[in-house]
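The file my_file_30.cif contains mmCIF, C-alpha atoms and all ligand atoms:
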data_entry
loop_
_atom_site.label_atom_id
_atom_site.label_comp_id
_atom_site.auth_asym_id
_atom_site.auth_seq_id
_atom_site.Cartn_x
_atom_site.Cartn_y
_atom_site.Cartn_z
CA MET A 1 -23.39 -18.47 -39.39
CA ASN A 2 -20.53 -18.94 -41.87
CA GLU A 3 -20.70 -20.57 -45.29
CA GLN A 4 -19.51 -23.92 -44.06
CA GLN A 5 -22.11 -23.98 -41.31
CA ARG A 6 -24.82 -23.05 -43.77
CA GLU A 7 -23.80 -25.99 -45.89
CA VAL A 8 -23.98 -28.33 -42.93
CA ALA A 9 -27.42 -26.96 -42.02
CA TRP A 10 -28.66 -27.33 -45.57
CA LYS A 11 -27.52 -30.92 -45.79
CA ALA A 12 -29.22 -31.75 -42.51
CA LEU A 13 -32.47 -30.21 -43.69
CA ASP A 14 -32.35 -32.12 -46.96
CA GLN A 15 -31.96 -35.30 -44.94
CA LEU A 16 -34.59 -34.95 -42.25
CA LYS A 17 -38.01 -36.44 -42.92
CA VAL A 18 -40.56 -36.63 -40.15
CA GLU A 19 -43.48 -39.07 -40.24
CA LEU A 20 -46.84 -37.90 -38.91
CA PRO A 21 -49.27 -40.06 -36.93
CA SER A 22 -52.79 -40.42 -38.34
CA TRP A 23 -54.14 -40.53 -34.78
CA GLY A 24 -52.65 -37.12 -34.04
CA PHE A 25 -55.24 -35.50 -36.31
CA ALA A 26 -58.22 -37.08 -34.60
CA ASN A 27 -60.09 -36.00 -31.50
CA THR A 28 -58.55 -37.68 -28.52
CA GLY A 29 -58.70 -37.00 -24.84
CA THR A 30 -57.58 -37.95 -21.42
CA ARG A 31 -59.25 -40.56 -19.31
CA PHE A 32 -61.35 -37.77 -17.84
CA GLY A 33 -62.93 -36.72 -21.08
CA LYS A 34 -62.57 -35.27 -24.53
CA PHE A 35 -62.66 -31.69 -25.69
CA ILE A 36 -63.86 -31.88 -29.25
CA GLN A 37 -62.29 -29.82 -32.01
CA ALA A 38 -64.75 -29.00 -34.74
CA GLY A 39 -62.17 -29.50 -37.49
CA ALA A 40 -60.52 -32.70 -36.23
CA ALA A 41 -60.27 -35.63 -38.62
CA THR A 42 -62.38 -38.73 -38.27
CA THR A 43 -62.00 -40.66 -41.49
CA ILE A 44 -58.80 -41.87 -43.06
CA GLU A 45 -59.52 -39.51 -45.95
CA GLU A 46 -59.58 -36.54 -43.56
CA LYS A 47 -56.41 -37.68 -41.83
CA CYS A 48 -54.59 -37.99 -45.17
CA SER A 49 -55.88 -34.61 -46.22
CA ASP A 50 -54.72 -32.94 -42.98
CA ALA A 51 -51.32 -34.62 -43.08
CA ALA A 52 -50.89 -33.42 -46.65
CA GLN A 53 -51.39 -29.85 -45.41
CA VAL A 54 -48.51 -30.26 -42.98
CA HIS A 55 -46.31 -31.64 -45.73
CA ALA A 56 -47.34 -28.91 -48.15
CA VAL A 57 -46.12 -26.15 -45.83
CA THR A 58 -43.05 -27.89 -44.37
CA GLY A 59 -41.87 -30.13 -47.22
CA ALA A 60 -40.57 -32.51 -44.56
CA ALA A 61 -43.46 -34.83 -43.72
CA PRO A 62 -44.19 -37.03 -46.73
CA THR A 63 -45.48 -40.11 -44.87
CA LEU A 64 -48.34 -40.92 -42.53
CA ALA A 65 -48.17 -43.63 -39.85
CA LEU A 66 -51.35 -45.70 -39.72
CA HIS A 67 -52.99 -47.57 -36.87
CA VAL A 68 -54.63 -50.51 -38.58
CA GLN A 69 -57.82 -50.88 -36.60
CA TRP A 70 -58.54 -47.15 -36.71
CA ASP A 71 -57.46 -46.46 -40.28
CA LEU A 72 -57.97 -49.76 -42.08
CA PRO A 73 -60.86 -51.29 -40.12
CA ASN A 74 -61.31 -53.94 -42.81
CA GLY A 75 -57.63 -54.79 -42.81
CA LEU A 76 -56.16 -55.83 -46.14
CA LYS A 77 -59.38 -54.97 -47.93
CA ASP A 78 -58.79 -51.30 -47.13
CA VAL A 79 -55.36 -51.19 -48.76
CA SER A 80 -56.77 -49.95 -52.06
CA THR A 81 -58.56 -47.09 -50.28
CA VAL A 82 -55.33 -46.00 -48.62
CA GLU A 83 -53.52 -46.26 -51.95
CA ARG A 84 -56.13 -44.10 -53.63
CA LEU A 85 -55.95 -41.49 -50.86
CA ALA A 86 -52.17 -41.46 -50.89
CA GLN A 87 -52.35 -40.76 -54.59
CA LYS A 88 -55.01 -38.12 -54.18
CA PHE A 89 -53.26 -36.18 -51.41
CA GLY A 90 -49.64 -36.82 -52.35
CA ILE A 91 -48.53 -38.48 -49.16
CA ARG A 92 -47.40 -42.07 -48.63
CA ALA A 93 -48.41 -44.62 -46.05
CA GLY A 94 -45.72 -44.85 -43.40
CA SER A 95 -45.27 -47.28 -40.55
CA ILE A 96 -48.06 -49.75 -39.95
CA ASN A 97 -49.13 -49.95 -36.31
CA PRO A 98 -51.10 -52.99 -35.11
CA ASN A 99 -53.84 -52.53 -32.51
CA ILE A 100 -53.29 -55.22 -29.93
CA PHE A 101 -54.42 -53.32 -26.86
CA GLN A 102 -58.01 -52.14 -27.01
CA ASN A 103 -60.30 -55.04 -27.87
CA GLN A 104 -62.02 -56.86 -25.04
CA GLU A 105 -60.02 -60.03 -25.66
CA TYR A 106 -56.82 -58.19 -24.72
CA LYS A 107 -57.93 -57.55 -21.13
CA TYR A 108 -55.10 -59.76 -19.89
CA GLY A 109 -52.69 -59.09 -22.70
CA SER A 110 -51.99 -59.95 -26.32
CA LEU A 111 -48.74 -61.80 -27.03
CA GLY A 112 -48.21 -62.33 -23.31
CA ASN A 113 -51.75 -63.48 -22.58
CA PRO A 114 -51.85 -66.85 -20.76
CA ASP A 115 -54.61 -67.91 -23.13
CA ALA A 116 -53.22 -69.41 -26.34
CA ALA A 117 -56.31 -68.57 -28.39
CA THR A 118 -55.97 -64.87 -27.55
CA ARG A 119 -52.27 -64.91 -28.37
CA ARG A 120 -53.22 -66.40 -31.72
CA VAL A 121 -55.70 -63.58 -32.40
CA ALA A 122 -52.98 -61.01 -31.65
CA ILE A 123 -50.37 -62.75 -33.78
CA GLU A 124 -52.79 -63.13 -36.69
CA HIS A 125 -53.58 -59.42 -36.49
CA ILE A 126 -49.89 -58.49 -36.61
CA LEU A 127 -49.31 -60.94 -39.47
CA GLU A 128 -52.06 -59.16 -41.37
CA CYS A 129 -50.30 -55.88 -40.59
CA VAL A 130 -47.13 -57.28 -42.17
CA LYS A 131 -49.13 -58.03 -45.31
CA ILE A 132 -50.75 -54.61 -45.28
CA ALA A 133 -47.34 -52.99 -44.95
CA ALA A 134 -46.00 -55.05 -47.86
CA ALA A 135 -49.00 -54.17 -50.03
CA LEU A 136 -48.60 -50.47 -49.26
CA GLY A 137 -44.84 -50.50 -49.74
CA SER A 138 -44.34 -49.51 -46.09
CA ARG A 139 -41.12 -50.65 -44.57
CA ASP A 140 -41.90 -50.69 -40.87
CA VAL A 141 -44.36 -52.66 -38.80
CA SER A 142 -44.43 -51.05 -35.42
CA PRO A 143 -46.28 -52.80 -32.59
CA TRP A 144 -46.75 -51.31 -29.16
CA PHE A 145 -47.76 -53.84 -26.52
CA ALA A 146 -49.87 -52.77 -23.56
CA ASP A 147 -49.25 -56.18 -21.99
CA GLY A 148 -48.46 -56.37 -18.33
CA SER A 149 -50.09 -56.93 -14.96
CA ASN A 150 -51.42 -54.76 -12.18
CA TYR A 151 -50.66 -56.66 -8.99
CA PRO A 152 -47.65 -58.64 -7.79
CA GLY A 153 -47.99 -62.36 -8.15
CA THR A 154 -50.86 -62.24 -10.61
CA GLN A 155 -48.77 -63.18 -13.64
CA ASN A 156 -45.60 -65.17 -14.26
CA MET A 157 -43.27 -62.57 -15.72
CA ARG A 158 -40.71 -65.14 -16.80
CA HIS A 159 -43.22 -67.25 -18.69
CA ARG A 160 -44.46 -64.17 -20.46
CA ILE A 161 -40.92 -63.38 -21.70
CA ARG A 162 -40.99 -66.76 -23.44
CA LEU A 163 -44.41 -66.03 -24.93
CA PHE A 164 -43.12 -62.76 -26.35
CA GLU A 165 -40.00 -64.46 -27.72
CA VAL A 166 -42.05 -67.10 -29.49
CA GLY A 167 -44.69 -64.69 -30.79
CA LEU A 168 -42.25 -62.08 -32.07
CA ARG A 169 -40.15 -64.70 -33.79
CA GLU A 170 -43.16 -66.03 -35.65
CA ILE A 171 -44.00 -62.49 -36.75
CA HIS A 172 -40.42 -61.86 -37.79
CA GLU A 173 -40.49 -64.94 -40.00
CA ALA A 174 -43.32 -63.42 -42.00
CA LEU A 175 -41.40 -60.21 -42.78
CA LYS A 176 -40.59 -59.64 -46.41
CA PRO A 177 -37.03 -58.69 -47.34
CA GLY A 178 -36.42 -55.06 -46.47
CA GLN A 179 -39.29 -54.88 -43.99
CA ARG A 180 -38.54 -54.13 -40.35
CA LEU A 181 -40.21 -54.92 -37.07
CA LEU A 182 -39.84 -52.02 -34.62
CA ILE A 183 -40.31 -52.96 -30.98
CA GLU A 184 -41.51 -50.18 -28.71
CA TYR A 185 -41.17 -50.14 -24.94
CA LYS A 186 -42.94 -48.28 -22.16
CA PRO A 187 -42.36 -48.53 -18.41
CA PHE A 188 -45.97 -48.39 -17.20
CA GLU A 189 -49.53 -47.56 -18.21
CA PRO A 190 -51.95 -49.13 -18.81
CA ALA A 191 -50.33 -51.80 -16.62
CA PHE A 192 -49.33 -50.45 -13.23
CA TYR A 193 -47.30 -53.27 -11.73
CA HIS A 194 -45.27 -54.80 -14.55
CA THR A 195 -45.15 -54.16 -18.28
CA ASP A 196 -43.82 -56.98 -20.44
CA ILE A 197 -41.64 -54.71 -22.59
CA ALA A 198 -40.86 -52.04 -20.05
CA ASP A 199 -37.53 -50.65 -21.22
CA TRP A 200 -34.95 -50.56 -24.00
CA GLY A 201 -33.07 -53.55 -22.62
CA MET A 202 -36.11 -55.77 -22.84
CA ALA A 203 -36.99 -54.43 -26.28
CA LEU A 204 -33.40 -55.00 -27.42
CA GLN A 205 -33.30 -58.59 -26.16
CA LEU A 206 -36.60 -59.39 -27.79
CA ALA A 207 -35.57 -57.74 -31.06
CA LYS A 208 -32.33 -59.74 -31.14
CA HIS A 209 -34.22 -62.92 -30.40
CA ALA A 210 -36.81 -62.19 -33.08
CA GLY A 211 -34.25 -61.87 -35.88
CA PRO A 212 -32.11 -59.51 -37.95
CA GLN A 213 -34.97 -57.36 -39.23
CA ALA A 214 -36.14 -56.39 -35.76
CA TYR A 215 -35.05 -53.13 -34.15
CA VAL A 216 -35.90 -51.01 -31.14
CA LEU A 217 -38.22 -48.02 -31.26
CA VAL A 218 -37.62 -45.20 -28.78
CA ASP A 219 -40.70 -43.20 -27.81
CA THR A 220 -39.29 -40.15 -26.05
CA GLY A 221 -42.23 -40.11 -23.63
CA HIS A 222 -41.75 -43.70 -22.51
CA HIS A 223 -39.07 -43.30 -19.87
CA TYR A 224 -38.84 -42.58 -16.20
CA GLN A 225 -38.17 -38.98 -15.36
CA ALA A 226 -34.46 -39.25 -14.58
CA GLN A 227 -33.59 -41.57 -17.48
CA ASN A 228 -30.73 -40.48 -19.72
CA ILE A 229 -32.46 -41.02 -23.08
CA GLU A 230 -29.52 -39.94 -25.23
CA GLN A 231 -27.39 -42.61 -23.59
CA ILE A 232 -29.94 -45.22 -24.61
CA VAL A 233 -29.75 -43.82 -28.13
CA ALA A 234 -25.94 -44.01 -28.00
CA TRP A 235 -26.12 -47.68 -27.01
CA LEU A 236 -28.63 -48.52 -29.69
CA LEU A 237 -26.56 -46.73 -32.32
CA HIS A 238 -23.49 -48.60 -31.17
CA GLN A 239 -25.36 -51.88 -31.51
CA LYS A 240 -26.95 -50.80 -34.81
CA MET A 241 -30.29 -51.57 -33.24
CA ILE A 242 -32.16 -48.31 -33.34
CA GLY A 243 -35.03 -48.48 -35.82
CA GLY A 244 -37.01 -45.37 -35.10
CA PHE A 245 -38.38 -42.75 -32.76
CA HIS A 246 -41.77 -41.69 -31.59
CA PHE A 247 -41.31 -38.01 -30.92
CA ASN A 248 -43.27 -36.13 -28.31
CA ASP A 249 -42.53 -34.35 -25.09
CA ARG A 250 -43.72 -34.71 -21.55
CA ARG A 251 -43.37 -33.21 -18.12
CA TYR A 252 -44.65 -36.12 -16.07
CA ALA A 253 -45.34 -39.38 -17.85
CA ASP A 254 -46.49 -40.31 -21.35
CA ASP A 255 -48.02 -36.89 -21.91
CA ASP A 256 -47.76 -36.81 -25.73
CA LEU A 257 -47.08 -33.07 -25.81
CA THR A 258 -45.57 -31.41 -28.86
CA LEU A 259 -41.89 -32.08 -29.47
CA GLY A 260 -39.43 -29.94 -27.50
CA SER A 261 -42.20 -28.03 -25.76
CA ILE A 262 -40.89 -28.91 -22.30
CA ASP A 263 -37.24 -29.75 -22.87
CA PRO A 264 -35.75 -28.85 -26.25
CA TYR A 265 -32.24 -29.52 -24.92
CA GLN A 266 -33.20 -33.18 -24.47
CA VAL A 267 -34.18 -33.49 -28.12
CA PHE A 268 -31.00 -31.68 -29.12
CA ARG A 269 -28.89 -34.12 -27.12
CA ILE A 270 -30.58 -37.07 -28.82
CA PHE A 271 -29.95 -35.56 -32.25
CA HIS A 272 -26.39 -34.84 -31.22
CA GLU A 273 -25.76 -38.53 -30.52
CA ILE A 274 -27.01 -39.36 -33.99
CA HIS A 275 -24.98 -36.68 -35.78
CA SER A 276 -21.92 -37.59 -33.78
CA TYR A 277 -22.29 -41.26 -34.75
CA GLU A 278 -22.70 -40.33 -38.41
CA TRP A 279 -19.72 -37.97 -38.35
CA GLU A 280 -17.50 -40.56 -36.73
CA THR A 281 -18.52 -43.57 -38.81
CA GLY A 282 -19.37 -41.93 -42.12
CA ALA A 283 -22.52 -44.06 -42.05
CA THR A 284 -26.07 -42.77 -42.15
CA ALA A 285 -28.09 -43.96 -39.20
CA ASP A 286 -31.15 -45.54 -40.77
CA ILE A 287 -33.77 -44.21 -38.39
CA ALA A 288 -37.47 -43.59 -38.92
CA TYR A 289 -38.33 -40.28 -37.26
CA MET A 290 -41.97 -40.50 -36.35
CA VAL A 291 -44.18 -38.23 -34.32
CA ASP A 292 -46.43 -39.75 -31.68
CA GLN A 293 -48.25 -36.83 -30.16
CA SER A 294 -51.93 -36.40 -29.65
CA HIS A 295 -52.55 -33.59 -27.28
CA ASN A 296 -56.16 -32.57 -27.39
CA LEU A 297 -56.15 -28.82 -26.82
CA LYS A 298 -53.79 -27.38 -29.44
CA GLY A 299 -55.12 -27.28 -32.98
CA LYS A 300 -54.24 -30.67 -34.44
CA ILE A 301 -52.66 -29.48 -37.66
CA GLU A 302 -50.95 -26.51 -36.04
CA ALA A 303 -49.46 -28.79 -33.39
CA MET A 304 -48.01 -30.99 -36.14
CA ILE A 305 -46.55 -28.03 -38.01
CA GLN A 306 -45.03 -26.79 -34.77
CA THR A 307 -43.47 -30.20 -34.10
CA VAL A 308 -42.03 -30.61 -37.60
CA CYS A 309 -40.50 -27.12 -37.46
CA THR A 310 -39.10 -27.78 -33.98
CA ALA A 311 -37.57 -31.04 -35.18
CA GLN A 312 -35.91 -29.19 -38.06
CA GLU A 313 -34.56 -26.41 -35.87
CA LEU A 314 -33.15 -28.79 -33.27
CA TYR A 315 -31.80 -31.23 -35.82
CA VAL A 316 -29.86 -28.41 -37.47
CA LYS A 317 -28.59 -27.12 -34.11
CA ALA A 318 -27.19 -30.58 -33.41
CA ALA A 319 -25.68 -30.78 -36.90
CA LEU A 320 -23.82 -27.54 -36.20
CA VAL A 321 -21.84 -28.93 -33.29
CA ASP A 322 -18.16 -28.83 -34.20
CA HIS A 323 -17.43 -32.53 -33.87
CA GLU A 324 -13.71 -32.29 -34.46
CA ARG A 325 -13.28 -29.69 -31.76
CA LEU A 326 -15.54 -31.60 -29.42
CA GLN A 327 -13.56 -34.79 -29.86
CA LYS A 328 -10.32 -32.96 -29.14
CA PHE A 329 -11.71 -31.52 -25.91
CA GLN A 330 -13.18 -34.84 -24.89
CA GLN A 331 -9.83 -36.51 -25.44
CA SER A 332 -8.01 -33.98 -23.30
CA CYS A 333 -10.81 -33.97 -20.72
CA SER A 334 -11.23 -30.22 -21.14
CA LEU A 335 -14.62 -30.30 -19.53
CA VAL A 336 -15.76 -26.73 -19.84
CA ASP A 337 -14.52 -26.40 -23.42
CA ALA A 338 -16.16 -29.67 -24.43
CA GLU A 339 -19.46 -28.73 -22.86
CA GLU A 340 -19.36 -25.27 -24.39
CA THR A 341 -18.68 -26.78 -27.81
CA LEU A 342 -21.80 -28.87 -27.46
CA ARG A 343 -23.80 -25.93 -26.21
CA GLY A 344 -22.42 -23.86 -29.07
CA GLY A 345 -24.68 -25.82 -31.37
CA PHE A 346 -27.66 -25.54 -29.09
CA TRP A 347 -27.42 -21.78 -28.77
CA GLN A 348 -27.24 -21.17 -32.52
CA ASP A 349 -30.44 -19.61 -33.73
CA THR A 350 -31.26 -21.87 -36.64
CA ARG A 351 -34.60 -20.34 -37.55
CA ALA A 352 -33.15 -18.04 -40.20
CA VAL A 353 -31.26 -20.76 -42.03
CA VAL A 354 -34.32 -23.01 -41.98
CA LYS A 355 -36.29 -20.15 -43.53
CA ASP A 356 -33.65 -19.72 -46.26
CA TRP A 357 -33.76 -23.43 -46.98
CA ARG A 358 -37.55 -23.34 -47.28
CA LYS A 359 -37.39 -20.39 -49.65
CA ALA A 360 -34.88 -22.17 -51.86
CA LYS A 361 -37.17 -25.22 -51.95
CA GLY A 362 -40.17 -23.16 -52.96
CA LEU A 363 -41.79 -23.65 -49.55
CA PRO A 364 -43.36 -20.94 -47.42
CA GLU A 365 -40.80 -19.33 -45.13
CA ASP A 366 -43.28 -19.43 -42.27
CA PRO A 367 -45.26 -22.68 -42.47
CA MET A 368 -47.63 -21.77 -39.63
CA GLN A 369 -48.55 -18.48 -41.21
CA ALA A 370 -48.98 -20.11 -44.59
CA PHE A 371 -51.30 -22.69 -43.09
CA ARG A 372 -53.32 -20.04 -41.29
CA GLU A 373 -53.66 -17.98 -44.46
CA SER A 374 -54.65 -20.96 -46.56
CA GLY A 375 -58.21 -21.02 -45.24
CA TYR A 376 -57.98 -24.80 -44.82
CA LEU A 377 -58.83 -24.79 -41.13
CA GLU A 378 -61.93 -22.65 -41.70
CA ARG A 379 -63.01 -24.99 -44.48
CA ILE A 380 -62.65 -28.21 -42.46
CA THR A 381 -64.23 -26.57 -39.43
CA ARG A 382 -67.24 -25.76 -41.59
CA GLU A 383 -67.35 -29.13 -43.30
CA ARG A 384 -66.70 -31.33 -40.27
CA GLY A 385 -68.04 -29.11 -37.50
CA GLU A 386 -71.60 -30.23 -37.31
CA ARG A 387 -70.67 -33.88 -37.29
CA ASN A 388 -67.85 -33.48 -34.75
CA LEU A 389 -69.64 -31.21 -32.33
CA GLY A 390 -72.78 -33.29 -32.55
CA ALA A 391 -70.85 -36.42 -31.62
CA THR A 392 -71.51 -37.86 -28.21
CA VAL A 393 -68.64 -37.14 -25.91
CA SER A 394 -67.46 -40.41 -24.48
CA TYR A 395 -65.57 -40.65 -21.25
CA ALA A 396 -62.91 -43.30 -21.27
C1 LIG A 401 -48.97 -45.71 -26.74
C2 LIG A 401 -47.72 -45.76 -27.60
C3 LIG A 401 -47.97 -46.25 -29.00
C4 LIG A 401 -49.29 -45.81 -29.53
C5 LIG A 401 -50.36 -46.18 -28.54
C6 LIG A 401 -51.76 -46.05 -29.05
O1 LIG A 401 -48.83 -44.82 -25.68
O2 LIG A 401 -46.99 -44.59 -27.57
O3 LIG A 401 -46.96 -45.86 -29.86
O4 LIG A 401 -49.49 -46.40 -30.75
O5 LIG A 401 -50.15 -45.39 -27.42
MN MN A 402 -45.41 -44.40 -29.15
MN MN A 403 -47.13 -43.35 -25.71
#

Show me this structure written as structure tokens.
Amino acid sequence: MNEQQREVAWKALDQLKVELPSWGFANTGTRFGKFIQAGAATTIEEKCSDAAQVHAVTGAAPTLALHVQWDLPNGLKDVSTVERLAQKFGIRAGSINPNIFQNQEYKYGSLGNPDAATRRVAIEHILECVKIAAALGSRDVSPWFADGSNYPGTQNMRHRIRLFEVGLREIHEALKPGQRLLIEYKPFEPAFYHTDIADWGMALQLAKHAGPQAYVLVDTGHHYQAQNIEQIVAWLLHQKMIGGFHFNDRRYADDDLTLGSIDPYQVFRIFHEIHSYEWETGATADIAYMVDQSHNLKGKIEAMIQTVCTAQELYVKAALVDHERLQKFQQSCSLVDAEETLRGGFWQDTRAVVKDWRKAKGLPEDPMQAFRESGYLERITRERGERNLGATVSYA
């Protein structure tokens, strides 16, 4: 790697911040059961503490995404607790995620529910999330809607579009200046016939209808297998409508595996679209990079460290693509040369330069090793073990 490339890598690393999900530190499972980790977090205090460990060893994860019902069960009243914990552990509250999918009243949907009273409950919850976000100084309110139906003919899909338009617009009106509403999409699950916001086109239309502070959120696991995700990202960049990512990987469906574990080239190609846009326009794409993984077998904190490091390595690889050269080859339709220029970035081993960057920032060169040597995992396993292992295993 030459001096100029090192500079590019350094700048990219200074830029990249990755937000961690509070739910990724907790014991979760599949619908067949849970395998409990003795050291997993249960309380918001434990989640903040664990997230702070990831930030301490990577220096790249200063914020924690919160799911309101799980992390602030008393809503606005819990804001002061989160503030105190943020202070104590040196991490900030990140995106605020409403829970409009698990309570009994949402059996037939939230914003798309045919019952007006249920829609009201969902809207009121999201409006409270907007207030919570404002109180915590969080910019993004990030709802994911499980709404949909399971059998043809059981719901009027067109009517439900209208319900979403109306509901999201009301929520948008409550946003404070600078706040953003990030609209996530997912093709199926839990609904197995239709999902109200099934893809980026639907999310985009709804975001545009809601108002100028609404953007689309791309969860990398929420696509059909053959979908060209980087093309979606290219479109959303072009339209200045990409608000954030939920990073994870998958082999089959929404598997929530650690980032780049199955297909690192896919993540690289997404990052490439972003770097290419920034190089061409001179603008910084204002994107919230958030992790949404919750695999239940890898150690929770180790999985997060692995994901943050992977994001850094792949982000730098994409930054190292020679954009000028690439553009020239694209223009002349020199296919092999263009492709090899792109791959040139991917095949760079960026681990050494990331290590150098960490050293210069006073961070451990090997975050995983530093975490393992810290004794933190042994401590939380001791402290939380009895409670966690004694917990009844519930089968969802
Ligand atoms: C979904 C989706 C959302 C997450 C919920 C709980 O699969 O990815 O982002 O908040 O799960
Ligand atoms: Mn997600
Ligand atoms: Mn998901």

I want to know what sits within 8 Å of range 175-180 of chain A, based on all atoms listed in the file, with residues of the same chain fewer than 4 positions away left out; could you give that as a PyMOL selection string? chain A and resi 130+134+138-141+171+213-215

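Distances to ligand MN 403 (chain A) were evaluated for A:Ala303, A:Ala146, A:Ile232, A:Leu389 using all atoms listed in the file, and the minimum falls at A:Ala146.
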
Give the residue list for ligand LIG 401 (chain A) at 7 Å, counting only C-alpha atoms and all ligand atoms, as JSON, numbers by chain, sorted by chain and then by residue number. {"A": [97, 144, 219, 246, 254, 292]}

Just C-alpha atoms for this one: save the residues we selected as a CSV table (one decimal), in the frame of the given file.
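See out01.csv below for the written result:
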chain,number,residue,atom,x,y,z
A,97,ASN,CA,-49.1,-50.0,-36.3
A,144,TRP,CA,-46.8,-51.3,-29.2
A,219,ASP,CA,-40.7,-43.2,-27.8
A,246,HIS,CA,-41.8,-41.7,-31.6
A,254,ASP,CA,-46.5,-40.3,-21.4
A,292,ASP,CA,-46.4,-39.8,-31.7

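The residue that comes closest to Leu342 in chain A, out of A:Tyr289, A:Gly137, A:Glu273, A:Leu204 and on the basis of all atoms listed in the file, is A:Glu273.
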
Nearby residues (only C-alpha atoms) at most 6 Å from range 312-328 of chain A, same-chain spacing under 4 positions excluded, as a ChimeraX atom specification: /A:9,268,271-272,338,341-342,345-346,350

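With all atoms listed in the file as the atoms that count, the set of residues no farther than 10 Å from ligand MN 403 (chain A) is Trp144, Glu184, Tyr185, Lys186, Phe188, Glu189, Asp219, Thr220, Gly221, His222, His223, His246, Phe247, Asn248, Ala253, Asp254, Asp255, Asp256, Asp292, Gln293 and Ser294 of chain A.
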
Write a file of the just-selected residues containing C-alpha atoms, as a PDB file, in the frame of the given file.
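What ended up in part-v4.pdb:
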ATOM      1  CA  TRP A 144     -46.750 -51.310 -29.160  1.00  0.00           C
ATOM      2  CA  GLU A 184     -41.510 -50.180 -28.710  1.00  0.00           C
ATOM      3  CA  TYR A 185     -41.170 -50.140 -24.940  1.00  0.00           C
ATOM      4  CA  LYS A 186     -42.940 -48.280 -22.160  1.00  0.00           C
ATOM      5  CA  PHE A 188     -45.970 -48.390 -17.200  1.00  0.00           C
ATOM      6  CA  GLU A 189     -49.530 -47.560 -18.210  1.00  0.00           C
ATOM      7  CA  ASP A 219     -40.700 -43.200 -27.810  1.00  0.00           C
ATOM      8  CA  THR A 220     -39.290 -40.150 -26.050  1.00  0.00           C
ATOM      9  CA  GLY A 221     -42.230 -40.110 -23.630  1.00  0.00           C
ATOM     10  CA  HIS A 222     -41.750 -43.700 -22.510  1.00  0.00           C
ATOM     11  CA  HIS A 223     -39.070 -43.300 -19.870  1.00  0.00           C
ATOM     12  CA  HIS A 246     -41.770 -41.690 -31.590  1.00  0.00           C
ATOM     13  CA  PHE A 247     -41.310 -38.010 -30.920  1.00  0.00           C
ATOM     14  CA  ASN A 248     -43.270 -36.130 -28.310  1.00  0.00           C
ATOM     15  CA  ALA A 253     -45.340 -39.380 -17.850  1.00  0.00           C
ATOM     16  CA  ASP A 254     -46.490 -40.310 -21.350  1.00  0.00           C
ATOM     17  CA  ASP A 255     -48.020 -36.890 -21.910  1.00  0.00           C
ATOM     18  CA  ASP A 256     -47.760 -36.810 -25.730  1.00  0.00           C
ATOM     19  CA  ASP A 292     -46.430 -39.750 -31.680  1.00  0.00           C
ATOM     20  CA  GLN A 293     -48.250 -36.830 -30.160  1.00  0.00           C
ATOM     21  CA  SER A 294     -51.930 -36.400 -29.650  1.00  0.00           C
TER      22      SER A 294
END

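Taking only C-alpha atoms, the non-local environment of Cys48 in chain A within 8 Å (same-chain residues fewer than 5 positions away omitted) comprises Ser22, Leu64, Leu85, Ala86, Phe89 and Ile91 of chain A.
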
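For the choices A:Thr28, A:Thr58, A:Thr310, A:Ser142, the atom-to-atom distance to ligand MN 402 (chain A) is smallest for A:Ser142 when using all atoms listed in the file.
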
Might I get the box with edges along x, y and z of the file that holds all atoms of range 119-138 of chain A listed there, padded by 6 Å on every side, given as centre and edge lengths in Å to one decimal, as AutoDock Vina command-line options?
--center_x -50.0 --center_y -58.0 --center_z -39.2 --size_x 23.4 --size_y 28.9 --size_z 33.7

Do you know which residues lie at most 12 Å from (-31.0, -54.2, -21.4), with coordinates as in the file and only C-alpha atoms counted, and could you write them as a PyMOL selection string? chain A and resi 185+197-208+216+232+235-236+239

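Among the candidates A:Ser149, A:Ser95, A:Thr154, A:Gln306, the residue lying nearest to ligand MN 402 (chain A) is A:Ser95 (atoms considered: only C-alpha atoms and all ligand atoms).
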
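Among the candidates A:Ala60, A:Ala135, A:Ala51, A:Ile126, the residue lying nearest to Asp14 in chain A is A:Ala60 (atoms considered: only C-alpha atoms).
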
Can you tell me, as a ChimeraX atom specification, which residues sit within 12 Å of (-64.1, -38.1, -43.8) in the file's frame, using all atoms listed in the file? /A:25-26,39-50,71,85,380,383-385,387-388

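Shortest separation to Thr284 in chain A among A:Tyr106, A:Glu124, A:Lys240, A:Gly375 occurs at residue A:Lys240, atoms counted being only C-alpha atoms.
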
Who sits within 10 Å of Pro367 in chain A, all atoms listed in the file, same chain under 4 positions skipped, as a list in words: Gln53, Val54, His55, Ala56, Val57, Thr58, Gly59, Glu302, Ile305, Gln306, Val308, Cys309, Lys355, Arg358, Leu363, Phe371, Arg372 and Glu373 of chain A

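Picture a line from CA of Asp249 in chain A to CA of Glu19 in chain A; it runs 15.9 Å.
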
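Near Arg119 in chain A, within 8 Å and counting all atoms listed in the file, sit Ser110, Leu111, Gly112, Asn113 and Gly167 of chain A; same-chain residues fewer than 6 positions away were not included.
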